[in-house]
>>> print(open('data15.csv').read())   # CSV, C-alpha atoms
chain,number,residue,atom,x,y,z
A,872,MET,CA,15.2,27.2,7.6
A,873,ALA,CA,16.9,24.0,6.6
A,874,VAL,CA,17.3,21.3,9.3
A,875,LEU,CA,21.0,20.4,9.3
A,876,SER,CA,20.8,17.6,11.8
A,877,ARG,CA,19.2,14.2,11.1
A,878,GLN,CA,15.9,13.4,12.8
A,879,LEU,CA,15.5,10.0,14.4
A,880,GLY,CA,12.6,8.3,16.2
A,881,ILE,CA,13.8,5.6,18.7
A,882,ASP,CA,11.7,3.0,20.4
A,883,LEU,CA,14.0,1.7,23.1
A,884,GLY,CA,12.4,-1.5,24.2
A,885,THR,CA,13.2,-4.4,26.6
A,886,MET,CA,13.5,-6.9,23.7
A,887,PHE,CA,14.1,-4.8,20.6
A,888,THR,CA,15.3,-1.3,19.8
A,889,ARG,CA,13.9,0.3,16.6
A,890,ILE,CA,15.1,3.4,14.9
A,891,THR,CA,13.1,5.3,12.2
A,892,GLU,CA,14.3,7.9,9.8
A,893,GLY,CA,12.4,9.4,6.9
A,894,ASP,CA,9.6,7.0,6.1
A,895,GLU,CA,11.2,3.8,7.1
A,896,VAL,CA,12.6,1.7,10.0
A,897,VAL,CA,16.4,1.9,9.4
A,898,LEU,CA,17.5,-0.3,12.3
A,899,GLU,CA,15.8,-3.1,14.3
A,900,GLU,CA,18.1,-5.0,16.7
A,901,PRO,CA,17.6,-7.0,19.9
A,902,THR,CA,18.3,-4.8,23.0
A,903,ILE,CA,20.9,-7.1,24.5
A,904,VAL,CA,24.7,-6.9,25.1
A,905,ALA,CA,27.6,-9.2,25.9
A,906,VAL,CA,30.0,-7.9,28.4
A,907,ASP,CA,33.5,-9.0,29.5
A,908,VAL,CA,33.0,-8.7,33.3
A,909,GLU,CA,36.7,-8.8,34.1
A,910,GLU,CA,37.6,-5.9,31.7
A,911,GLU,CA,34.2,-4.2,32.2
A,912,LYS,CA,34.0,-3.9,28.4
A,913,MET,CA,31.1,-4.5,26.0
A,914,ILE,CA,32.2,-7.0,23.4
A,915,ALA,CA,29.0,-7.5,21.4
A,916,GLU,CA,25.5,-6.1,21.0
A,917,GLY,CA,22.2,-6.8,19.2
A,918,SER,CA,21.9,-9.9,17.1
A,919,GLU,CA,25.5,-11.0,17.7
A,920,ALA,CA,25.0,-10.9,21.5
A,921,LEU,CA,21.6,-12.6,21.3
A,922,GLY,CA,23.3,-15.5,19.5
A,923,MET,CA,25.5,-16.0,22.5
A,924,VAL,CA,22.7,-16.5,25.0
A,925,GLY,CA,23.1,-19.9,26.7
A,926,ARG,CA,26.1,-20.8,24.5
A,927,VAL,CA,29.0,-19.0,26.1
A,928,LEU,CA,31.1,-21.1,28.4
A,929,ASP,CA,33.5,-18.3,29.4
A,930,GLU,CA,32.6,-17.3,33.0
A,931,ASN,CA,33.9,-13.8,32.4
A,932,ILE,CA,31.4,-13.1,29.6
A,933,GLU,CA,27.9,-12.1,30.7
A,934,VAL,CA,25.0,-11.7,28.2
A,935,THR,CA,22.4,-9.3,29.6
A,936,ARG,CA,19.6,-7.0,28.7
A,937,PRO,CA,20.3,-3.4,29.7
A,938,LEU,CA,16.6,-2.7,30.1
A,939,LYS,CA,14.3,-4.6,32.5
A,940,HIS,CA,10.5,-4.2,32.2
A,941,GLY,CA,10.9,-1.2,29.9
A,942,VAL,CA,13.3,0.8,32.1
A,943,VAL,CA,17.0,1.2,32.2
A,944,ALA,CA,18.7,-1.3,34.5
A,945,TYR,CA,22.3,-0.9,33.4
A,946,TYR,CA,22.9,2.8,32.5
A,947,GLU,CA,26.4,2.5,31.0
A,948,TYR,CA,25.5,-0.5,28.7
A,949,THR,CA,22.4,1.4,27.6
A,950,GLU,CA,24.4,4.5,26.7
A,951,ILE,CA,27.0,2.5,24.7
A,952,LEU,CA,24.4,0.4,23.0
A,953,LEU,CA,22.4,3.5,21.9
A,954,ASP,CA,25.6,5.2,20.7
A,955,ARG,CA,26.6,2.2,18.6
A,956,MET,CA,23.2,1.8,17.1
A,957,VAL,CA,22.9,5.5,16.1
A,958,ARG,CA,26.4,5.4,14.6
A,959,ARG,CA,25.4,2.3,12.5
A,960,VAL,CA,22.4,4.4,11.2
A,961,GLY,CA,24.3,7.6,10.6
A,962,GLY,CA,28.0,6.8,10.3
A,963,SER,CA,30.7,7.6,12.8
A,964,VAL,CA,31.5,11.1,11.4
A,965,ARG,CA,28.8,13.6,12.5
A,966,LEU,CA,29.0,17.4,12.1
A,967,PHE,CA,25.7,17.8,14.0
A,968,LYS,CA,24.2,15.5,16.6
A,969,PRO,CA,20.9,14.0,15.4
A,970,ARG,CA,17.6,15.3,16.8
A,971,ILE,CA,16.1,12.3,18.6
A,972,MET,CA,12.6,11.5,20.0
A,973,ILE,CA,13.0,8.5,22.3
A,974,THR,CA,10.2,6.7,23.9
A,975,HIS,CA,9.7,5.3,27.4
A,976,PRO,CA,6.9,3.4,29.3
A,977,TYR,CA,4.0,5.6,30.6
A,978,GLY,CA,4.1,6.5,34.2
A,979,ILE,CA,7.7,5.7,35.0
A,980,THR,CA,9.5,7.6,37.8
A,981,SER,CA,11.5,10.7,37.3
A,982,VAL,CA,14.7,8.8,38.1
A,983,GLU,CA,13.9,6.2,35.5
A,984,LYS,CA,13.0,8.9,33.0
A,985,ARG,CA,16.2,10.8,33.7
A,986,ALA,CA,18.3,7.6,33.0
A,987,VAL,CA,16.7,7.2,29.5
A,988,HIS,CA,17.2,10.9,28.8
A,989,GLU,CA,20.8,11.1,29.9
A,990,ALA,CA,21.7,8.0,27.9
A,991,ALA,CA,20.1,9.5,24.8
A,992,LEU,CA,21.7,12.9,25.3
A,993,GLN,CA,25.1,11.3,24.7
A,994,VAL,CA,24.1,10.5,21.1
A,995,GLY,CA,21.9,13.4,20.2
A,996,ASP,CA,19.6,16.3,21.0
A,997,ALA,CA,17.1,14.1,22.8
A,998,LEU,CA,13.4,14.5,23.7
A,999,LEU,CA,11.2,12.0,25.5
A,1000,MET,CA,7.7,10.8,25.1
A,1001,PRO,CA,5.5,8.0,26.5
A,1002,GLN,CA,5.2,4.9,24.2
A,1003,PRO,CA,1.3,4.8,24.1
A,1004,LEU,CA,1.2,8.4,22.8
A,1005,ALA,CA,3.9,7.6,20.2
A,1006,GLY,CA,2.1,4.5,19.1
A,1007,ALA,CA,-1.2,6.4,18.7
A,1008,ILE,CA,0.5,9.0,16.6
A,1009,GLY,CA,2.3,6.3,14.6
A,1010,ILE,CA,-1.1,4.6,13.6
A,1011,ASP,CA,-2.7,8.0,12.9
A,1012,LEU,CA,-5.3,8.0,15.6
A,1013,PRO,CA,-6.9,11.5,15.9
A,1014,VAL,CA,-5.1,12.2,19.2
A,1015,GLY,CA,-5.4,16.0,18.7
A,1016,THR,CA,-9.2,15.9,19.0
A,1017,PRO,CA,-11.4,15.8,22.1
A,1018,THR,CA,-12.5,12.3,21.1
A,1019,GLY,CA,-11.3,9.4,23.3
A,1020,ASN,CA,-8.8,7.0,21.7
A,1021,MET,CA,-7.5,3.9,23.5
A,1022,ILE,CA,-4.3,2.1,22.8
A,1023,VAL,CA,-2.8,-1.0,24.4
A,1024,CYS,CA,0.9,-1.6,23.8
A,1025,MET,CA,2.0,-5.2,24.6
A,1026,GLY,CA,5.8,-5.1,24.6
A,1027,GLY,CA,8.4,-7.6,25.7
A,1028,GLY,CA,9.0,-6.2,29.2
A,1029,CYS,CA,5.8,-4.3,30.0
A,1030,THR,CA,2.2,-3.8,28.9
A,1031,GLN,CA,0.7,-0.3,28.7
A,1032,ALA,CA,-2.9,0.9,28.3
A,1033,ALA,CA,-3.8,4.6,27.7
A,1034,VAL,CA,-6.7,6.7,26.8
A,1035,ILE,CA,-5.6,9.7,24.8
A,1036,ALA,CA,-7.4,13.0,23.8
A,1037,MET,CA,-6.1,16.5,23.0
A,1038,HIS,CA,-2.5,15.2,22.6
A,1039,ASP,CA,-2.5,14.0,26.2
A,1040,VAL,CA,-2.9,10.8,28.2
A,1041,VAL,CA,-6.1,11.2,30.1
A,1042,SER,CA,-5.8,7.9,31.9
A,1043,GLY,CA,-3.2,5.2,31.7
A,1044,GLU,CA,-1.3,2.5,33.5
A,1045,THR,CA,1.8,0.3,32.9
A,1046,LEU,CA,2.0,-3.3,34.0
A,1047,ARG,CA,5.6,-4.4,34.3
A,1048,GLN,CA,4.8,-7.7,32.6
A,1049,GLY,CA,5.1,-8.4,28.8
A,1050,GLY,CA,6.0,-11.0,26.2
A,1051,MET,CA,9.0,-12.3,28.1
A,1052,ASP,CA,6.7,-13.1,31.1
A,1053,LEU,CA,4.6,-15.2,28.7
A,1054,ASP,CA,7.8,-17.1,27.8
A,1055,ASP,CA,8.4,-17.6,31.5
A,1056,ALA,CA,4.9,-18.9,32.0
A,1057,ILE,CA,5.4,-21.5,29.3
A,1058,ALA,CA,8.7,-22.6,30.8
A,1059,GLN,CA,7.1,-22.9,34.3
A,1060,TYR,CA,4.1,-24.9,32.8
A,1061,VAL,CA,6.5,-27.4,31.2
A,1062,ARG,CA,8.5,-27.7,34.4
A,1063,ARG,CA,5.4,-28.2,36.5
A,1064,LYS,CA,3.6,-30.6,34.2
A,1065,TYR,CA,6.4,-32.6,32.6
A,1066,GLY,CA,9.3,-32.1,35.0
A,1067,LEU,CA,11.4,-30.6,32.2
A,1068,ILE,CA,13.5,-27.5,32.3
A,1069,ILE,CA,13.6,-25.4,29.1
A,1070,GLY,CA,15.3,-22.0,28.5
A,1071,GLN,CA,13.7,-18.7,27.8
A,1072,ARG,CA,14.6,-18.8,24.1
A,1073,THR,CA,13.1,-22.3,23.7
A,1074,ALA,CA,9.9,-21.1,25.4
A,1075,GLU,CA,9.8,-18.1,23.1
A,1076,MET,CA,10.2,-20.4,20.1
A,1077,VAL,CA,7.2,-22.4,21.3
A,1078,LYS,CA,5.1,-19.3,21.7
A,1079,LEU,CA,6.0,-18.0,18.2
A,1080,ARG,CA,5.5,-21.3,16.4
A,1081,VAL,CA,2.4,-22.8,18.0
A,1082,GLY,CA,1.3,-20.3,20.6
A,1083,ALA,CA,-2.1,-18.6,20.9
A,1084,ALA,CA,-4.2,-16.6,23.3
A,1085,VAL,CA,-7.3,-18.6,22.5
A,1086,LEU,CA,-8.0,-22.2,21.5
A,1087,GLN,CA,-7.6,-22.6,17.7
A,1088,ASP,CA,-9.6,-24.8,15.2
A,1089,GLU,CA,-6.4,-26.7,14.6
A,1090,ASP,CA,-4.3,-27.8,17.6
A,1091,GLN,CA,-0.7,-27.6,16.3
A,1092,GLU,CA,2.2,-29.4,17.8
A,1093,ILE,CA,5.9,-28.7,18.3
A,1094,GLU,CA,8.7,-31.1,19.3
A,1095,LEU,CA,11.5,-29.8,21.6
A,1096,GLN,CA,14.2,-31.0,24.0
A,1097,GLY,CA,14.2,-30.3,27.7
A,1098,GLN,CA,16.4,-31.2,30.6
A,1099,ASP,CA,14.9,-33.6,33.1
A,1100,GLN,CA,15.0,-31.9,36.4
A,1101,VAL,CA,15.6,-35.1,38.3
A,1102,SER,CA,18.2,-36.9,36.1
A,1103,GLY,CA,19.6,-33.8,34.4
A,1104,LEU,CA,19.5,-35.7,31.1
A,1105,PRO,CA,17.9,-34.3,27.9
A,1106,ARG,CA,14.4,-35.6,27.1
A,1107,PRO,CA,12.1,-35.0,24.1
A,1108,LEU,CA,8.7,-33.4,24.6
A,1109,THR,CA,5.7,-32.6,22.3
A,1110,LEU,CA,3.7,-29.4,23.2
A,1111,THR,CA,0.4,-28.4,21.7
A,1112,THR,CA,-1.3,-25.1,21.1
A,1113,SER,CA,-4.0,-25.8,23.6
A,1114,GLU,CA,-1.3,-26.3,26.3
A,1115,VAL,CA,0.3,-23.0,25.5
A,1116,VAL,CA,-3.1,-21.3,25.7
A,1117,GLU,CA,-3.5,-22.9,29.2
A,1118,ALA,CA,0.0,-21.8,30.2
A,1119,VAL,CA,-0.3,-18.1,29.4
A,1120,GLN,CA,-3.9,-17.5,30.7
A,1121,PRO,CA,-2.9,-16.4,34.2
A,1122,ALA,CA,-0.4,-13.8,32.9
A,1123,LEU,CA,-3.0,-12.5,30.4
A,1124,ASP,CA,-5.6,-12.2,33.1
A,1125,GLU,CA,-3.4,-9.7,34.9
A,1126,VAL,CA,-3.1,-7.7,31.7
A,1127,PHE,CA,-6.9,-7.6,31.3
A,1128,ASP,CA,-7.3,-6.5,34.9
A,1129,MET,CA,-4.9,-3.6,34.3
A,1130,ILE,CA,-6.8,-2.5,31.1
A,1131,ARG,CA,-10.1,-2.7,33.0
A,1132,ARG,CA,-8.7,-0.4,35.7
A,1133,VAL,CA,-7.7,2.2,33.0
A,1134,LEU,CA,-11.2,2.0,31.5
A,1135,GLU,CA,-12.8,2.5,35.0
A,1136,LYS,CA,-10.7,5.7,35.5
A,1137,THR,CA,-11.8,7.1,32.1
A,1138,PRO,CA,-14.4,9.8,32.0
A,1139,PRO,CA,-17.8,8.5,30.7
A,1140,GLU,CA,-17.8,10.6,27.5
A,1141,LEU,CA,-14.4,9.3,26.5
A,1142,ALA,CA,-15.3,5.7,27.5
A,1143,SER,CA,-18.3,5.9,25.1
A,1144,ASP,CA,-16.0,7.0,22.3
A,1145,ILE,CA,-13.8,4.0,22.9
A,1146,ILE,CA,-16.8,1.6,22.8
A,1147,ASP,CA,-17.7,3.1,19.4
A,1148,ARG,CA,-14.1,3.3,18.0
A,1149,GLY,CA,-12.6,0.2,19.6
A,1150,VAL,CA,-9.2,-0.4,21.2
A,1151,ALA,CA,-6.0,-0.3,19.1
A,1152,LEU,CA,-3.6,-3.1,19.9
A,1153,CYS,CA,0.1,-2.9,19.2
A,1154,GLY,CA,3.4,-4.4,20.3
A,1155,GLY,CA,5.2,-7.7,19.6
A,1156,ALA,CA,3.3,-9.7,22.3
A,1157,ALA,CA,0.0,-8.5,20.6
A,1158,LEU,CA,1.0,-10.8,17.7
A,1159,LEU,CA,0.1,-13.9,19.7
A,1160,ARG,CA,-2.7,-15.5,17.7
A,1161,GLY,CA,-6.2,-14.5,18.8
A,1162,MET,CA,-5.0,-11.8,21.2
A,1163,ASP,CA,-7.4,-9.2,19.7
A,1164,ARG,CA,-10.3,-11.7,19.9
A,1165,LEU,CA,-9.6,-12.7,23.5
A,1166,MET,CA,-9.3,-9.0,24.5
A,1167,THR,CA,-12.6,-8.2,22.9
A,1168,GLN,CA,-14.2,-11.1,24.8
A,1169,LYS,CA,-12.6,-10.1,28.2
A,1170,LEU,CA,-13.2,-6.4,28.0
A,1171,GLY,CA,-16.5,-6.3,26.1
A,1172,VAL,CA,-15.0,-3.6,23.9
A,1173,PRO,CA,-14.0,-4.2,20.2
A,1174,THR,CA,-10.3,-4.6,19.9
A,1175,TYR,CA,-8.3,-4.6,16.7
A,1176,LEU,CA,-4.6,-5.3,15.8
A,1177,VAL,CA,-3.1,-2.2,14.1
A,1178,ASP,CA,-1.4,-2.4,10.7
A,1179,SER,CA,2.2,-2.0,11.9
A,1180,PRO,CA,2.1,-3.4,15.5
A,1181,VAL,CA,5.8,-3.7,16.1
A,1182,THR,CA,7.0,-0.5,14.4
A,1183,CYS,CA,4.3,2.0,15.1
A,1184,ILE,CA,5.8,3.4,18.3
A,1185,ALA,CA,9.2,4.2,16.5
A,1186,GLU,CA,7.3,5.6,13.6
A,1187,GLY,CA,5.2,7.8,15.9
A,1188,ALA,CA,8.3,9.0,17.8
A,1189,LEU,CA,9.7,10.3,14.5
A,1190,LYS,CA,6.3,11.9,13.5
A,1191,SER,CA,6.2,13.6,16.9
A,1192,LEU,CA,9.3,15.7,16.1
A,1193,GLY,CA,7.3,17.4,13.4
A,1194,ILE,CA,4.5,18.4,15.8
A,1195,TYR,CA,6.7,18.9,18.9
A,1196,ARG,CA,5.5,22.5,19.5
A,1197,VAL,CA,1.9,21.1,19.9
A,1198,LEU,CA,3.0,18.2,22.1
A,1199,GLN,CA,5.6,20.1,24.2
A,1200,ARG,CA,3.3,21.2,27.0
A,1201,HIS,CA,2.0,17.6,27.5
A,1202,LEU,CA,5.5,16.1,27.7
A,1203,ASP,CA,7.7,16.3,30.8
>>> encode(input="data15.csv", output="structure tokens")
Amino acid sequence: MAVLSRQLGIDLGTMFTRITEGDEVVLEEPTIVAVDVEEEKMIAEGSEALGMVGRVLDENIEVTRPLKHGVVAYYEYTEILLDRMVRRVGGSVRLFKPRIMITHPYGITSVEKRAVHEAALQVGDALLMPQPLAGAIGIDLPVGTPTGNMIVCMGGGCTQAAVIAMHDVVSGETLRQGGMDLDDAIAQYVRRKYGLIIGQRTAEMVKLRVGAAVLQDEDQEIELQGQDQVSGLPRPLTLTTSEVVEAVQPALDEVFDMIRRVLEKTPPELASDIIDRGVALCGGAALLRGMDRLMTQKLGVPTYLVDSPVTCIAEGALKSLGIYRVLQRHLD
């Protein structure tokens, strides 16, 4: 029987939303909105709204992220944002609502899960699945076998670790801390050490350009402007890679503690599989230079960065629609 409705995989993330259809990512936009508070109306979303961060002087306009730490914080904005993004992908005229698999962090509450589901139901026939399972399917791990497979998803708002076997999460945990917390750690480091205030976007730029999880052979530098916290005047600053490594270590230590807890809860047979096969690492924050190397050192288990670290969850969500009958009893 022909499928009349379109099939979409959606990775609804704190920092980015990605939509897949067919064999490709058809949309990738920042998960951020600009709202006219007085009129309670959304005036921009995605890249347009991101460009307004820290640059809008109108007190009535608020630029915000509708998701916090991977879960829905502003339901109405999330619903409108999803609707606009799906319409951009499929056009405004739809005879049949698309069939959607949308992802969420592992282990969230039933209330948080319902908020995602209800927002997605406004735009299509929506099904839900945890992000680590979607990521594992997206990178073609043998999740349907009794063999243990471990995946760590380092997103913008949260970090998740899960051991998967027989299409199910055997043990897992979500730490509500991600790439944005690394940005905050850099900003706090600069304030503490140099008495300068920098914004989240500047801290993110530092992380992307010279950041690393471990010390590098070449210590790169970046010049930036900050606001002196005493005088309030702008002042230049040069930051190095080694300083960024120092700044992010406390936040990364919390991540490794969480992953260790998941490994400790894993049955011994599956744990031995993971030691043999290694840990798959995905997510935007996993792109920090040397992250896989540092994780291997800290955990004592081989860790590797997957081929499509930022898109594999959205790709896995779409693939999951094809095997939904097999997955169904493992999904709430």
>>> residues_around(input="data15.csv", residues="A:Arg877", least_positions_apart="2", cutoff="9 Å", atoms="only C-alpha atoms", output="list in words")
Val874, Leu875, Leu879, Glu892, Gly961, Phe967, Lys968, Pro969, Arg970 and Ile971 of chain A
>>> residues_around(input="data15.csv", residues="stretch 1081-1089 of chain A", least_positions_apart="4", cutoff="8 Å", atoms="all atoms listed in the file", output="PyMOL selection string")
chain A and resi 1077+1093+1111-1113+1115-1116+1119-1120+1159-1162+1164-1165
>>> atom_distance(input="data15.csv", atom1="atom CA of A:Glu1125", atom2="atom CA of A:Tyr946")
29.2 Å
>>> residues_around(input="data15.csv", residues="A:Ile914", least_positions_apart="4", cutoff="10 Å", atoms="all atoms listed in the file", output="MDAnalysis selection string")
chainID A and resid 904:907 910 919:920 932:934
>>> write_last_selection(input="data15.csv", atoms="C-alpha atoms", output="CSV table (one decimal), in the coordinates of the input")
chain,number,residue,atom,x,y,z
A,904,VAL,CA,24.7,-6.9,25.1
A,905,ALA,CA,27.6,-9.2,25.9
A,906,VAL,CA,30.0,-7.9,28.4
A,907,ASP,CA,33.5,-9.0,29.5
A,910,GLU,CA,37.6,-5.9,31.7
A,919,GLU,CA,25.5,-11.0,17.7
A,920,ALA,CA,25.0,-10.9,21.5
A,932,ILE,CA,31.4,-13.1,29.6
A,933,GLU,CA,27.9,-12.1,30.7
A,934,VAL,CA,25.0,-11.7,28.2
>>> residues_around(input="data15.csv", residues="A:Leu1134", least_positions_apart="4", cutoff="12 Å", atoms="only C-alpha atoms", output="MDAnalysis selection string")
chainID A and resid 1019:1023 1032:1035 1041:1044 1127:1130 1138:1146 1150 1170:1172
>>> residues_around(input="data15.csv", residues="A:Pro1105", least_positions_apart="2", cutoff="10 Å", atoms="all atoms listed in the file", output="list in words")
Leu1067, Ile1068, Ile1069, Gln1096, Gly1097, Gln1098, Asp1099, Gln1100, Ser1102, Gly1103, Pro1107 and Leu1108 of chain A
>>> atom_distance(input="data15.csv", atom1="atom CA of A:Asp1011", atom2="atom CA of A:Ile979")
24.5 Å
>>> closest_residue(input="data15.csv", among="A:Gln1199, A:Leu1110, A:Leu1079, A:Leu1189", to="A:Gln1091", atoms="all atoms listed in the file")
A:Leu1110
>>> decode(input="data15.csv", residues="stretch 925-934 of chain A", atoms="all heavy atoms", output="compact mmCIF listing (two decimals), in the first residue's frame")
# COMPACT_ATOMS: atom_id res chain seq x y z
N GLY A 925 21.22 39.87 21.64
CA GLY A 925 22.09 40.92 22.14
C GLY A 925 22.13 42.17 21.29
O GLY A 925 22.91 43.09 21.56
N ARG A 926 21.28 42.22 20.24
CA ARG A 926 21.32 43.36 19.31
C ARG A 926 19.99 44.11 19.22
O ARG A 926 19.88 45.08 18.47
CB ARG A 926 21.74 42.89 17.91
CG ARG A 926 23.11 42.23 17.90
CD ARG A 926 23.47 41.71 16.52
NE ARG A 926 24.73 40.98 16.54
CZ ARG A 926 25.93 41.55 16.46
NH1 ARG A 926 26.04 42.85 16.36
NH2 ARG A 926 27.03 40.80 16.49
N VAL A 927 18.97 43.63 19.93
CA VAL A 927 17.66 44.26 19.86
C VAL A 927 17.48 45.19 21.05
O VAL A 927 17.56 44.76 22.20
CB VAL A 927 16.53 43.19 19.84
CG1 VAL A 927 15.17 43.85 19.77
CG2 VAL A 927 16.72 42.25 18.65
N LEU A 928 17.21 46.47 20.77
CA LEU A 928 17.08 47.46 21.84
C LEU A 928 15.63 47.62 22.29
O LEU A 928 15.38 48.15 23.38
CB LEU A 928 17.63 48.82 21.36
CG LEU A 928 19.12 48.82 20.97
CD1 LEU A 928 19.54 50.18 20.47
CD2 LEU A 928 19.99 48.41 22.16
N ASP A 929 14.69 47.17 21.47
CA ASP A 929 13.27 47.28 21.82
C ASP A 929 12.96 46.39 23.02
O ASP A 929 13.14 45.17 22.97
CB ASP A 929 12.42 46.85 20.62
CG ASP A 929 10.94 47.16 20.81
OD1 ASP A 929 10.49 47.25 21.97
OD2 ASP A 929 10.23 47.31 19.80
N GLU A 930 12.50 47.00 24.11
CA GLU A 930 12.23 46.24 25.33
C GLU A 930 11.09 45.25 25.18
O GLU A 930 10.96 44.30 25.97
CB GLU A 930 11.92 47.20 26.49
CG GLU A 930 13.13 48.01 26.94
CD GLU A 930 12.80 48.95 28.08
OE1 GLU A 930 11.63 48.98 28.51
OE2 GLU A 930 13.71 49.67 28.53
N ASN A 931 10.23 45.46 24.18
CA ASN A 931 9.08 44.57 23.97
C ASN A 931 9.45 43.28 23.24
O ASN A 931 8.65 42.36 23.16
CB ASN A 931 7.97 45.30 23.18
CG ASN A 931 7.32 46.39 24.02
OD1 ASN A 931 7.16 46.23 25.22
ND2 ASN A 931 6.96 47.50 23.38
N ILE A 932 10.66 43.26 22.65
CA ILE A 932 11.07 42.09 21.89
C ILE A 932 12.01 41.22 22.75
O ILE A 932 13.05 41.69 23.21
CB ILE A 932 11.74 42.48 20.56
CG1 ILE A 932 10.72 43.19 19.67
CG2 ILE A 932 12.28 41.23 19.85
CD1 ILE A 932 11.28 43.72 18.37
N GLU A 933 11.61 39.99 22.93
CA GLU A 933 12.40 39.05 23.72
C GLU A 933 12.86 37.90 22.82
O GLU A 933 12.06 37.31 22.11
CB GLU A 933 11.55 38.49 24.87
CG GLU A 933 12.30 37.52 25.77
CD GLU A 933 11.40 36.93 26.85
OE1 GLU A 933 10.31 37.49 27.10
OE2 GLU A 933 11.79 35.89 27.42
N VAL A 934 14.17 37.63 22.84
CA VAL A 934 14.71 36.53 22.06
C VAL A 934 15.00 35.39 23.04
O VAL A 934 15.74 35.57 24.02
CB VAL A 934 16.00 36.93 21.31
CG1 VAL A 934 16.50 35.76 20.45
CG2 VAL A 934 15.74 38.15 20.43
